[in-house]
>>> print(open('coords14.pdb').read())   # PDB, C-alpha atoms
ATOM      1  CA  MET A 463     -91.918  40.590  22.193
ATOM      2  CA  ASN A 464     -89.228  38.131  21.112
ATOM      3  CA  THR A 465     -86.567  40.802  21.607
ATOM      4  CA  PHE A 466     -87.798  41.519  25.113
ATOM      5  CA  LEU A 467     -87.712  37.807  26.029
ATOM      6  CA  PHE A 468     -84.152  37.486  24.661
ATOM      7  CA  ILE A 469     -82.941  40.436  26.758
ATOM      8  CA  LEU A 470     -84.645  39.029  29.837
ATOM      9  CA  LYS A 471     -83.025  35.619  29.269
ATOM     10  CA  VAL A 472     -79.555  37.169  29.010
ATOM     11  CA  LEU A 473     -80.074  39.154  32.203
ATOM     12  CA  LEU A 474     -81.302  36.130  34.140
ATOM     13  CA  TYR A 475     -79.033  33.309  32.845
ATOM     14  CA  GLY A 476     -76.273  34.714  30.589
ATOM     15  CA  TRP A 477     -74.140  36.074  33.408
ATOM     16  CA  ILE A 478     -74.248  32.676  35.141
ATOM     17  CA  LEU A 479     -72.845  30.944  32.040
ATOM     18  CA  SER A 480     -70.172  33.636  31.646
ATOM     19  CA  LEU A 481     -69.182  33.272  35.304
ATOM     20  CA  ILE A 482     -68.826  29.487  34.892
ATOM     21  CA  GLU A 483     -66.576  29.972  31.840
ATOM     22  CA  LEU A 484     -64.449  32.542  33.717
ATOM     23  CA  ILE A 485     -63.993  30.142  36.645
ATOM     24  CA  ARG A 486     -62.990  27.354  34.223
ATOM     25  CA  ILE A 487     -60.317  29.586  32.621
ATOM     26  CA  ILE A 488     -58.931  30.642  36.023
ATOM     27  CA  CYS A 489     -58.709  27.011  37.217
ATOM     28  CA  ALA A 490     -56.962  25.922  34.014
ATOM     29  CA  ARG A 491     -54.432  28.750  34.360
ATOM     30  CA  CYS A 492     -53.752  27.826  38.010
ATOM     31  CA  ARG A 493     -53.174  24.173  37.073
ATOM     32  CA  GLN A 494     -50.770  25.240  34.305
ATOM     33  CA  ASN A 495     -48.789  27.515  36.634
ATOM     34  CA  LYS A 496     -48.546  24.729  39.225
ATOM     35  CA  ARG A 497     -47.180  22.302  36.633
ATOM     36  CA  ARG A 498     -44.510  24.824  35.598
ATOM     37  CA  GLU A 499     -43.277  25.679  39.110
ATOM     38  CA  GLY A 500     -40.392  23.193  38.884
ATOM     39  CA  GLU A 501     -39.383  24.110  35.324
ATOM     40  CA  SER A 502     -36.278  26.024  34.328
ATOM     41  CA  GLU A 503     -36.533  29.529  32.884
ATOM     42  CA  ARG A 504     -35.902  28.135  29.403
ATOM     43  CA  GLU A 505     -38.734  25.588  29.775
ATOM     44  CA  LYS A 506     -41.102  28.284  31.023
ATOM     45  CA  ARG A 507     -40.412  30.361  27.914
ATOM     46  CA  ALA A 508     -41.011  27.412  25.578
ATOM     47  CA  ALA A 509     -44.166  27.390  23.469
ATOM     48  CA  ARG A 510     -46.982  25.062  24.604
ATOM     49  CA  VAL A 511     -48.159  24.328  21.078
ATOM     50  CA  PRO A 512     -46.699  21.824  18.583
ATOM     51  CA  CYS A 513     -43.590  23.123  16.786
ATOM     52  CA  ILE A 514     -44.214  24.559  13.342
ATOM     53  CA  PRO A 515     -41.301  24.074  10.919
ATOM     54  CA  ILE A 516     -40.058  27.298   9.362
ATOM     55  CA  THR A 517     -39.216  26.805   5.694
ATOM     56  CA  HIS A 518     -38.863  30.414   4.595
ATOM     57  CA  ALA A 519     -35.642  31.131   2.702
ATOM     58  CA  ALA A 520     -34.746  33.847   5.215
ATOM     59  CA  PHE A 521     -34.506  31.254   8.019
ATOM     60  CA  VAL A 522     -31.046  29.638   8.010
ATOM     61  CA  ARG A 523     -29.427  27.189  10.433
ATOM     62  CA  PRO A 524     -25.763  26.662  11.346
ATOM     63  CA  ASP A 525     -23.915  23.353  11.511
ATOM     64  CA  PRO A 526     -20.990  23.762  13.947
ATOM     65  CA  LEU A 527     -18.797  20.675  14.176
ATOM     66  CA  ILE A 528     -15.530  19.188  15.373
ATOM     67  CA  TYR A 529     -13.746  15.983  14.325
ATOM     68  CA  SER A 530     -16.224  13.571  15.915
ATOM     69  CA  GLN A 531     -15.244   9.906  16.029
ATOM     70  CA  HIS A 532     -18.662   8.579  17.055
ATOM     71  CA  HIS A 533     -20.385  10.394  14.200
ATOM     72  CA  LEU A 534     -17.849   9.333  11.569
ATOM     73  CA  ILE A 535     -18.030   5.674  12.592
ATOM     74  CA  LYS A 536     -21.829   5.809  12.183
ATOM     75  CA  LEU A 537     -21.184   6.966   8.617
ATOM     76  CA  GLY A 538     -18.927   3.967   7.994
ATOM     77  CA  ILE A 539     -15.713   6.020   8.014
ATOM     78  CA  ALA A 540     -12.519   4.874   9.742
ATOM     79  CA  VAL A 541     -11.345   7.193  12.529
ATOM     80  CA  THR A 542      -8.295   8.042  14.560
ATOM     81  CA  TRP A 543      -8.544   8.927  18.250
ATOM     82  CA  ASP A 544      -5.567  11.263  17.778
ATOM     83  CA  ASN A 545      -7.956  14.167  17.164
ATOM     84  CA  PRO A 546      -6.708  16.711  14.578
ATOM     85  CA  ASP A 547      -8.962  19.423  16.057
ATOM     86  CA  ILE A 548      -7.685  19.206  19.665
ATOM     87  CA  GLU A 549      -4.198  20.446  20.569
ATOM     88  CA  LEU A 550      -2.290  21.281  23.757
ATOM     89  CA  PHE A 551       0.216  24.065  24.330
ATOM     90  CA  LEU A 552       2.726  24.730  27.101
ATOM     91  CA  ASN A 553       3.934  28.333  27.275
ATOM     92  CA  GLY A 554       2.736  28.824  23.708
ATOM     93  CA  VAL A 555       4.563  25.764  22.347
ATOM     94  CA  LEU A 556       2.623  22.846  20.853
ATOM     95  CA  VAL A 557       3.098  19.646  22.891
ATOM     96  CA  SER A 558       1.931  16.073  22.488
ATOM     97  CA  SER A 559      -1.073  15.012  24.539
ATOM     98  CA  LYS A 560       0.719  11.699  25.061
ATOM     99  CA  GLU A 561       3.568  13.250  27.073
ATOM    100  CA  LEU A 562       1.806  15.422  29.651
ATOM    101  CA  GLN A 563       3.422  16.218  32.976
ATOM    102  CA  PRO A 564       1.474  15.992  36.272
ATOM    103  CA  ALA A 565       0.341  19.184  38.052
ATOM    104  CA  THR A 566       1.235  21.315  35.021
ATOM    105  CA  THR A 567      -0.942  24.004  33.420
ATOM    106  CA  TYR A 568      -1.494  23.596  29.693
ATOM    107  CA  GLU A 569      -3.717  25.398  27.202
ATOM    108  CA  ILE A 570      -6.212  23.167  25.395
ATOM    109  CA  ARG A 571      -7.139  24.576  22.008
ATOM    110  CA  ALA A 572     -10.061  23.274  19.944
ATOM    111  CA  ARG A 573     -10.564  24.014  16.255
ATOM    112  CA  ILE A 574     -14.258  24.399  15.404
ATOM    113  CA  TRP A 575     -15.824  24.295  11.948
ATOM    114  CA  ASN A 576     -19.170  25.296  10.456
ATOM    115  CA  ASN A 577     -20.676  23.302   7.595
ATOM    116  CA  SER A 578     -23.155  26.087   6.762
ATOM    117  CA  PHE A 579     -22.462  28.709   4.085
ATOM    118  CA  THR A 580     -25.249  31.000   5.355
ATOM    119  CA  ALA A 581     -25.599  30.849   9.167
ATOM    120  CA  PRO A 582     -22.791  31.789  11.604
ATOM    121  CA  VAL A 583     -22.825  30.786  15.277
ATOM    122  CA  VAL A 584     -22.650  33.501  17.941
ATOM    123  CA  LEU A 585     -21.433  32.950  21.520
ATOM    124  CA  MET A 586     -21.636  29.154  21.294
ATOM    125  CA  PRO A 587     -20.739  27.356  24.558
ATOM    126  CA  VAL A 588     -17.795  24.946  24.271
ATOM    127  CA  HIS A 589     -17.222  22.499  27.136
ATOM    128  CA  PHE A 590     -13.834  20.908  27.893
ATOM    129  CA  SER A 591     -13.390  17.819  30.081
ATOM    130  CA  TYR A 592     -11.035  14.890  30.636
ATOM    131  CA  LEU A 593     -11.201  11.244  31.637
ATOM    132  CA  ASP A 594      -8.814   8.399  32.384
ATOM    133  CA  PHE A 595      -7.373   6.734  29.307
ATOM    134  CA  GLY A 596      -9.830   4.155  28.021
ATOM    135  CA  VAL A 597     -13.404   3.645  26.857
ATOM    136  CA  ALA A 598     -16.558   5.132  28.509
ATOM    137  CA  ASN A 599     -14.800   6.277  31.680
ATOM    138  CA  PRO A 600     -16.319   8.966  33.954
ATOM    139  CA  ASN A 601     -15.983  12.499  32.630
ATOM    140  CA  VAL A 602     -14.377  15.267  34.741
ATOM    141  CA  PRO A 603     -15.194  18.883  33.721
ATOM    142  CA  ILE A 604     -12.276  21.234  33.063
ATOM    143  CA  SER A 605     -13.842  24.512  31.962
ATOM    144  CA  SER A 606     -16.193  26.107  29.446
ATOM    145  CA  THR A 607     -15.945  29.086  27.149
ATOM    146  CA  LYS A 608     -17.898  30.717  24.320
ATOM    147  CA  VAL A 609     -16.869  31.296  20.737
ATOM    148  CA  ASP A 610     -18.176  32.872  17.521
ATOM    149  CA  VAL A 611     -17.899  30.686  14.415
ATOM    150  CA  GLY A 612     -18.166  32.225  10.951
ATOM    151  CA  VAL A 613     -19.792  30.676   7.911
ATOM    152  CA  LYS A 614     -17.970  28.083   5.842
ATOM    153  CA  GLY A 615     -15.267  29.774   3.781
ATOM    154  CA  GLY A 616     -15.792  33.144   5.491
ATOM    155  CA  PRO A 617     -13.984  35.140   8.190
ATOM    156  CA  ASN A 618     -13.445  33.500  11.585
ATOM    157  CA  HIS A 619     -13.697  30.036  10.036
ATOM    158  CA  PRO A 620     -12.472  27.812  11.454
ATOM    159  CA  ALA A 621     -12.728  29.328  14.914
ATOM    160  CA  PHE A 622     -10.652  28.396  17.960
ATOM    161  CA  ALA A 623     -11.745  27.942  21.578
ATOM    162  CA  ALA A 624      -9.132  27.640  24.332
ATOM    163  CA  VAL A 625      -9.097  27.058  28.096
ATOM    164  CA  PRO A 626      -6.293  26.441  30.637
ATOM    165  CA  TRP A 627      -6.027  23.009  32.243
ATOM    166  CA  THR A 628      -3.876  21.952  35.154
ATOM    167  CA  THR A 629      -3.259  18.231  34.871
ATOM    168  CA  PRO A 630      -3.937  15.976  37.887
ATOM    169  CA  ALA A 631      -1.093  15.592  40.376
ATOM    170  CA  GLN A 632      -1.132  11.836  39.833
ATOM    171  CA  ALA A 633       0.854  10.849  36.753
ATOM    172  CA  GLY A 634      -1.137   8.988  34.113
ATOM    173  CA  VAL A 635      -2.599   9.061  30.624
ATOM    174  CA  TYR A 636      -5.691  11.229  30.255
ATOM    175  CA  CYS A 637      -8.173  11.730  27.412
ATOM    176  CA  ILE A 638      -9.594  15.122  26.501
ATOM    177  CA  GLN A 639     -13.133  15.733  25.262
ATOM    178  CA  VAL A 640     -14.548  18.859  23.630
ATOM    179  CA  LYS A 641     -18.312  19.276  23.332
ATOM    180  CA  LEU A 642     -20.117  21.993  21.369
ATOM    181  CA  GLU A 643     -23.492  23.252  22.608
ATOM    182  CA  PRO A 644     -25.050  25.509  19.934
ATOM    183  CA  PRO A 645     -28.567  26.946  20.396
ATOM    184  CA  ASP A 646     -29.530  25.407  17.041
ATOM    185  CA  ASP A 647     -27.854  22.907  14.752
ATOM    186  CA  LEU A 648     -28.492  21.105  11.470
ATOM    187  CA  ASN A 649     -26.618  18.055  12.762
ATOM    188  CA  TRP A 650     -26.396  17.410  16.505
ATOM    189  CA  GLU A 651     -24.242  14.266  16.116
ATOM    190  CA  ASN A 652     -20.934  15.905  15.128
ATOM    191  CA  ASN A 653     -20.492  18.075  18.252
ATOM    192  CA  LEU A 654     -18.288  15.816  20.413
ATOM    193  CA  GLY A 655     -14.617  15.167  19.735
ATOM    194  CA  GLN A 656     -12.089  13.178  21.757
ATOM    195  CA  GLU A 657      -8.301  13.003  21.973
ATOM    196  CA  ASN A 658      -7.480   9.470  23.150
ATOM    197  CA  THR A 659      -3.996   8.176  22.246
ATOM    198  CA  LYS A 660      -1.127   6.291  23.827
ATOM    199  CA  VAL A 661       2.440   5.670  22.653
ATOM    200  CA  GLY A 662       4.432   2.502  23.220
ATOM    201  CA  GLN A 663       8.116   2.077  22.417
ATOM    202  CA  SER A 664       8.721  -0.996  20.308
ATOM    203  CA  ASN A 665      10.662  -3.678  22.104
ATOM    204  CA  SER A 666       8.792  -6.576  20.456
ATOM    205  CA  PRO A 667       6.136  -7.056  21.639
ATOM    206  CA  VAL A 668       4.540  -3.818  22.897
ATOM    207  CA  GLU A 669       1.924  -4.053  25.656
ATOM    208  CA  PHE A 670      -0.775  -1.411  26.167
ATOM    209  CA  THR A 671      -3.501  -1.264  28.796
ATOM    210  CA  PHE A 672      -6.668   0.806  29.006
ATOM    211  CA  LYS A 673      -9.852   0.816  31.050
ATOM    212  CA  LEU A 674     -13.186  -0.328  29.658
ATOM    213  CA  ARG A 675     -16.293   0.717  31.587
ATOM    214  CA  ASN A 676     -19.969  -0.069  31.057
ATOM    215  CA  ASP A 677     -21.662   3.337  31.292
ATOM    216  CA  THR A 678     -25.019   2.067  29.950
ATOM    217  CA  ASP A 679     -28.137   1.061  31.871
ATOM    218  CA  ARG A 680     -27.815  -2.734  31.440
ATOM    219  CA  GLU A 681     -25.314  -5.573  31.139
ATOM    220  CA  ARG A 682     -23.321  -5.495  27.898
ATOM    221  CA  ARG A 683     -21.048  -7.837  25.959
ATOM    222  CA  TYR A 684     -18.237  -5.956  24.233
ATOM    223  CA  ARG A 685     -16.192  -6.722  21.143
ATOM    224  CA  PHE A 686     -13.268  -4.936  19.523
ATOM    225  CA  GLU A 687     -12.387  -3.986  15.975
ATOM    226  CA  VAL A 688      -8.828  -2.969  15.089
ATOM    227  CA  ASP A 689      -7.633  -1.041  12.044
ATOM    228  CA  THR A 690      -4.547   0.959  11.086
ATOM    229  CA  TYR A 691      -6.210   4.082   9.698
ATOM    230  CA  SER A 692      -4.500   7.452  10.052
ATOM    231  CA  LEU A 693      -5.544  10.797   8.633
ATOM    232  CA  LEU A 694      -5.158  11.013   4.857
ATOM    233  CA  LEU A 695      -3.304  13.906   3.293
ATOM    234  CA  LYS A 696      -5.539  16.565   1.763
ATOM    235  CA  ASP A 697      -5.706  16.697  -2.023
ATOM    236  CA  PRO A 698      -5.557  20.017  -3.923
ATOM    237  CA  CYS A 699      -8.949  21.708  -4.261
ATOM    238  CA  LEU A 700     -10.635  21.018  -7.596
ATOM    239  CA  GLU A 701     -12.305  23.835  -9.496
ATOM    240  CA  GLU A 702     -15.360  22.101 -10.976
ATOM    241  CA  LYS A 703     -18.220  21.341  -8.600
ATOM    242  CA  ASP A 704     -18.896  17.898 -10.114
ATOM    243  CA  GLU A 705     -15.220  16.982  -9.841
ATOM    244  CA  ARG A 706     -15.156  18.043  -6.199
ATOM    245  CA  GLU A 707     -18.207  15.902  -5.437
ATOM    246  CA  ARG A 708     -16.732  12.852  -7.197
ATOM    247  CA  GLU A 709     -13.481  13.306  -5.298
ATOM    248  CA  ARG A 710     -15.377  13.626  -1.987
ATOM    249  CA  LEU A 711     -17.259  10.363  -2.605
ATOM    250  CA  ASN A 712     -14.044   8.596  -3.631
ATOM    251  CA  ARG A 713     -12.322   9.689  -0.430
ATOM    252  CA  LEU A 714     -15.260   8.459   1.667
ATOM    253  CA  LYS A 715     -14.949   5.036   0.019
ATOM    254  CA  GLN A 716     -11.193   5.057   0.618
ATOM    255  CA  GLN A 717     -11.728   5.709   4.346
ATOM    256  CA  ALA A 718     -13.839   2.621   5.061
ATOM    257  CA  PRO A 719     -12.370   0.745   8.068
ATOM    258  CA  GLY A 720     -11.972  -2.419   5.972
ATOM    259  CA  ASN A 721      -9.367  -0.625   3.837
ATOM    260  CA  PHE A 722      -6.915  -0.476   6.764
ATOM    261  CA  PRO A 723      -6.427  -4.048   8.030
ATOM    262  CA  ILE A 724      -3.700  -5.216  10.382
ATOM    263  CA  PRO A 725      -0.622  -5.903   8.202
ATOM    264  CA  VAL A 726       0.134  -9.599   7.703
ATOM    265  CA  ASP A 727       3.523  -9.301   9.423
ATOM    266  CA  TRP A 728       1.998  -7.781  12.601
ATOM    267  CA  THR A 729      -0.040  -9.468  15.330
ATOM    268  CA  VAL A 730      -2.540  -7.867  17.730
ATOM    269  CA  GLU A 731      -3.906  -9.735  20.753
ATOM    270  CA  ILE A 732      -6.652  -8.332  23.009
ATOM    271  CA  VAL A 733      -7.366  -9.845  26.442
ATOM    272  CA  PRO A 734     -10.181 -10.294  27.227
ATOM    273  CA  ASP A 735     -11.526 -10.029  23.681
ATOM    274  CA  THR A 736     -15.292 -10.303  24.411
ATOM    275  CA  PRO A 737     -15.812  -9.146  28.012
ATOM    276  CA  VAL A 738     -19.272  -9.006  29.606
ATOM    277  CA  LEU A 739     -19.752  -6.090  32.019
ATOM    278  CA  ALA A 740     -22.553  -5.339  34.434
ATOM    279  CA  VAL A 741     -23.758  -1.739  34.795
ATOM    280  CA  ASN A 742     -20.887   0.545  35.966
ATOM    281  CA  ASP A 743     -18.411  -2.349  35.972
ATOM    282  CA  GLU A 744     -14.866  -1.537  34.840
ATOM    283  CA  ILE A 745     -12.010  -3.795  33.748
ATOM    284  CA  THR A 746      -8.518  -3.396  32.326
ATOM    285  CA  ILE A 747      -8.028  -4.414  28.700
ATOM    286  CA  ILE A 748      -4.564  -5.592  27.644
ATOM    287  CA  VAL A 749      -3.535  -5.118  24.020
ATOM    288  CA  THR A 750      -0.306  -6.756  22.888
ATOM    289  CA  ILE A 751       1.058  -5.630  19.519
ATOM    290  CA  THR A 752       3.993  -7.465  17.973
ATOM    291  CA  PRO A 753       5.784  -5.683  15.108
ATOM    292  CA  PRO A 754       7.930  -7.419  12.506
ATOM    293  CA  GLN A 755      11.609  -7.885  13.225
ATOM    294  CA  GLY A 756      13.593  -4.689  12.648
ATOM    295  CA  PHE A 757      10.553  -2.383  12.525
ATOM    296  CA  VAL A 758      11.477   1.311  12.280
ATOM    297  CA  GLY A 759       9.004   4.215  12.271
ATOM    298  CA  THR A 760       5.515   4.752  13.730
ATOM    299  CA  LYS A 761       2.405   2.639  13.234
ATOM    300  CA  ASP A 762      -1.087   3.556  14.461
ATOM    301  CA  PHE A 763      -3.611   0.974  15.640
ATOM    302  CA  ASN A 764      -7.180   2.114  16.323
ATOM    303  CA  VAL A 765      -8.995  -0.131  18.810
ATOM    304  CA  ASN A 766     -12.746   0.543  18.611
ATOM    305  CA  ALA A 767     -15.107  -0.982  21.178
ATOM    306  CA  PHE A 768     -18.709  -1.961  20.374
ATOM    307  CA  HIS A 769     -21.608  -3.569  22.220
ATOM    308  CA  ASP A 770     -25.047  -4.671  21.025
ATOM    309  CA  GLY A 771     -26.286  -1.086  21.438
ATOM    310  CA  GLY A 772     -23.649   0.365  19.095
ATOM    311  CA  MET A 773     -20.356   2.202  19.428
ATOM    312  CA  ALA A 774     -18.847   2.463  22.931
ATOM    313  CA  GLY A 775     -15.623   4.349  22.173
ATOM    314  CA  GLY A 776     -12.046   3.685  21.232
ATOM    315  CA  VAL A 777      -8.357   4.429  21.591
ATOM    316  CA  THR A 778      -5.436   4.957  19.214
ATOM    317  CA  LEU A 779      -2.276   3.069  20.116
ATOM    318  CA  LYS A 780       0.990   4.195  18.508
ATOM    319  CA  VAL A 781       3.885   1.773  18.146
ATOM    320  CA  VAL A 782       7.235   3.521  17.723
ATOM    321  CA  GLY A 783      10.259   1.599  16.515
ATOM    322  CA  SER A 784      13.791   2.836  16.077
TER
END
>>> encode(input="coords14.pdb", output="C-alpha cells")
Amino acid sequence: MNTFLFILKVLLYGWILSLIELIRIICARCRQNKRREGESEREKRAARVPCIPITHAAFVRPDPLIYSQHHLIKLGIAVTWDNPDIELFLNGVLVSSKELQPATTYEIRARIWNNSFTAPVVLMPVHFSYLDFGVANPNVPISSTKVDVGVKGGPNHPAFAAVPWTTPAQAGVYCIQVKLEPPDDLNWENNLGQENTKVGQSNSPVEFTFKLRNDTDRERRYRFEVDTYSLLLKDPCLEEKDERERERLNRLKQQAPGNFPIPVDWTVEIVPDTPVLAVNDEITIIVTITPPQGFVGTKDFNVNAFHDGGMAGGVTLKVVGS
C-alpha cells in the first residue's frame, strides 16, 4: 500500500517540482549569458569558479624580463635610464638613441631574458612605443611583434625582438619603451624597460630640460633624487654556488643609490625642485649641472622623480667634457 501511495505521489506532484527546477536552471543560464554578452572572447572562456593553484612539479612558469628601471628601484637598486637591453640600428649599424635624425627609419632591437631554468616562452607579444623626453609623458605606439624566449642558460636565450621605427618629422629627443606581455609570468613587474637619456656638451654649466607630467588620477607633489650610477662591469662567473650567491648579494648592496652621490666638486640644481601638478598637468623641469674646472670625459646623472604614490619615472643626463 505504501509503495502504491509513493508512486501516486510522484505522478501527481513530482513532475511539478522537476518542472520548477528546470525553469530555475534555464533562467539562471539566461541571466549568465546576458551578463557575458559584452565580454571579450578571452573573458568568456575564463572559468567561473575560484582559481585553484597548481603545485604539481610538472607545472612550470616562465619569468621573461627586460632591464626594468621601475622594478629595480622598488628593490632598492640604483638604475640608469640608458637601457642596456634597448638598442637602435641604422642600416645595420648601431647608433646612439641620443642622436636620432627626424623622419628616418631605424630598427629598434630589444634583448629579452628569462629567469626560469624550466619554462620557455612561446610567441610572446612585445610592444614598442615612444614618448617625448621626460617623465610620465603620453605613450605613442610604434609596433608589436612576437618572440620565443628559451630557458635561462639554454638556446635562444637571451632572445631579441626587433621592429622598424620612423622617427617623427619634428626634431627632438624621444624615449623608447619596450613592454613584454607573456601569457603567464612569475614576476609581472620586470616587463617594462625604457631608454631615456640626453647628452649635454660641457661648457660649464650644462643646462638640460625635460617634461614632467602628472599621469595619475589626483594632484601630486613631486620630488627628485639624483645619483651618478652607471652600469657596473660584470665579474667573472664563480664556480661554487655559495660563492655565486654571496657575490650576487654583495653586488646588490654595492648598487644602492646612496653609493653614487653627486661628487663634491659638482653641483646640480633642479628648478622647480618640488612642483605640485594637477591631473594631466605638464611642466618643464630645468636641470643645471656644473662640472669642475677642466672636466674631461663623460659623467652620468640619473634624475629620478617620485611622488607620494611612489616612483614616477626618470631620465639619465650625460655631461660630456673635452
>>> resolve_selection(input="coords14.pdb", expression="the PyMOL selection byres ((chain A and resi 657) around 12)", output="PyMOL selection string")
chain A and resi 528-531+541-550+558-560+570-572+590-597+635-641+654-656+658-660+775-779
>>> closest_residue(input="coords14.pdb", among="A:Asn618, A:Asn653, A:Asn599, A:Thr752", to="Lys673 in chain A", atoms="only C-alpha atoms")
A:Asn599
>>> closest_residue(input="coords14.pdb", among="A:Ile604, A:Leu534, A:Val726, A:Leu739", to="His769 in chain A", atoms="only C-alpha atoms")
A:Leu739
>>> resolve_selection(input="coords14.pdb", expression="the PyMOL selection byres ((chain A and resi 692) around 8)", output="PyMOL selection string")
chain A and resi 541-542+690-691+693-694+762
>>> closest_residue(input="coords14.pdb", among="A:Thr729, A:Thr750, A:Thr566, A:Asn721", to="Val668 in chain A", atoms="all atoms listed in the file")
A:Thr750
>>> atom_distance(input="coords14.pdb", atom1="CA of Val741 in chain A", atom2="CA of Ile539 in chain A")
29.0 Å
>>> resolve_selection(input="coords14.pdb", expression="the PyMOL selection byres ((chain A and resi 751) around 12)", output="PDB file with C-alpha atoms, in the frame of the given file")
ATOM      1  CA  VAL A 661       2.440   5.670  22.653  1.00  0.00           C
ATOM      2  CA  GLY A 662       4.432   2.502  23.220  1.00  0.00           C
ATOM      3  CA  GLN A 663       8.116   2.077  22.417  1.00  0.00           C
ATOM      4  CA  SER A 664       8.721  -0.996  20.308  1.00  0.00           C
ATOM      5  CA  ASN A 665      10.662  -3.678  22.104  1.00  0.00           C
ATOM      6  CA  SER A 666       8.792  -6.576  20.456  1.00  0.00           C
ATOM      7  CA  PRO A 667       6.136  -7.056  21.639  1.00  0.00           C
ATOM      8  CA  VAL A 668       4.540  -3.818  22.897  1.00  0.00           C
ATOM      9  CA  GLU A 669       1.924  -4.053  25.656  1.00  0.00           C
ATOM     10  CA  PHE A 670      -0.775  -1.411  26.167  1.00  0.00           C
ATOM     11  CA  THR A 671      -3.501  -1.264  28.796  1.00  0.00           C
ATOM     12  CA  VAL A 688      -8.828  -2.969  15.089  1.00  0.00           C
ATOM     13  CA  ILE A 724      -3.700  -5.216  10.382  1.00  0.00           C
ATOM     14  CA  PRO A 725      -0.622  -5.903   8.202  1.00  0.00           C
ATOM     15  CA  ASP A 727       3.523  -9.301   9.423  1.00  0.00           C
ATOM     16  CA  TRP A 728       1.998  -7.781  12.601  1.00  0.00           C
ATOM     17  CA  THR A 729      -0.040  -9.468  15.330  1.00  0.00           C
ATOM     18  CA  VAL A 730      -2.540  -7.867  17.730  1.00  0.00           C
ATOM     19  CA  GLU A 731      -3.906  -9.735  20.753  1.00  0.00           C
ATOM     20  CA  ILE A 732      -6.652  -8.332  23.009  1.00  0.00           C
ATOM     21  CA  VAL A 733      -7.366  -9.845  26.442  1.00  0.00           C
ATOM     22  CA  ILE A 748      -4.564  -5.592  27.644  1.00  0.00           C
ATOM     23  CA  VAL A 749      -3.535  -5.118  24.020  1.00  0.00           C
ATOM     24  CA  THR A 750      -0.306  -6.756  22.888  1.00  0.00           C
ATOM     25  CA  THR A 752       3.993  -7.465  17.973  1.00  0.00           C
ATOM     26  CA  PRO A 753       5.784  -5.683  15.108  1.00  0.00           C
ATOM     27  CA  PRO A 754       7.930  -7.419  12.506  1.00  0.00           C
ATOM     28  CA  LYS A 761       2.405   2.639  13.234  1.00  0.00           C
ATOM     29  CA  ASP A 762      -1.087   3.556  14.461  1.00  0.00           C
ATOM     30  CA  PHE A 763      -3.611   0.974  15.640  1.00  0.00           C
ATOM     31  CA  ASN A 764      -7.180   2.114  16.323  1.00  0.00           C
ATOM     32  CA  VAL A 765      -8.995  -0.131  18.810  1.00  0.00           C
ATOM     33  CA  LEU A 779      -2.276   3.069  20.116  1.00  0.00           C
ATOM     34  CA  LYS A 780       0.990   4.195  18.508  1.00  0.00           C
ATOM     35  CA  VAL A 781       3.885   1.773  18.146  1.00  0.00           C
ATOM     36  CA  VAL A 782       7.235   3.521  17.723  1.00  0.00           C
TER      37      VAL A 782
END
>>> atom_distance(input="coords14.pdb", atom1="CA of Pro719 in chain A", atom2="CA of Ile535 in chain A")
8.8 Å
>>> closest_residue(input="coords14.pdb", among="A:Asp646, A:Glu651, A:Glu569, A:Glu687", to="Ala540 in chain A", atoms="only C-alpha atoms")
A:Glu687
>>> closest_residue(input="coords14.pdb", among="A:His532, A:His589, A:Arg682, A:Arg491", to="Lys608 in chain A", atoms="all atoms listed in the file")
A:His589
>>> closest_residue(input="coords14.pdb", among="A:Asn601, A:Asn676, A:Asn652, A:Gln563", to="Gly634 in chain A", atoms="all atoms listed in the file")
A:Gln563
>>> decode(input="coords14.pdb", residues="range 637-647 of chain A", atoms="N, CA and C atoms", output="compact mmCIF listing (two decimals), in the first residue's frame")
# COMPACT_ATOMS: atom_id res chain seq x y z
N CYS A 637 61.95 59.15 -26.09
CA CYS A 637 62.23 57.99 -25.24
C CYS A 637 61.54 56.77 -25.84
N ILE A 638 62.17 55.64 -25.69
CA ILE A 638 61.62 54.39 -26.24
C ILE A 638 61.25 53.47 -25.08
N GLN A 639 60.09 52.85 -25.18
CA GLN A 639 59.65 51.87 -24.19
C GLN A 639 59.42 50.52 -24.86
N VAL A 640 59.77 49.46 -24.15
CA VAL A 640 59.51 48.10 -24.60
C VAL A 640 58.76 47.37 -23.49
N LYS A 641 57.61 46.80 -23.84
CA LYS A 641 56.78 46.12 -22.86
C LYS A 641 56.54 44.68 -23.28
N LEU A 642 56.79 43.75 -22.37
CA LEU A 642 56.56 42.33 -22.62
C LEU A 642 55.16 41.96 -22.13
N GLU A 643 54.49 41.08 -22.88
CA GLU A 643 53.13 40.67 -22.50
C GLU A 643 53.01 39.14 -22.57
N PRO A 644 53.63 38.42 -21.64
CA PRO A 644 53.56 36.96 -21.67
C PRO A 644 52.19 36.47 -21.21
N PRO A 645 51.79 35.25 -21.62
CA PRO A 645 50.51 34.70 -21.15
C PRO A 645 50.55 34.34 -19.68
N ASP A 646 51.75 34.06 -19.17
CA ASP A 646 51.92 33.74 -17.74
C ASP A 646 53.31 34.21 -17.33
N ASP A 647 53.47 34.54 -16.05
CA ASP A 647 54.73 35.11 -15.61
C ASP A 647 54.88 34.94 -14.11
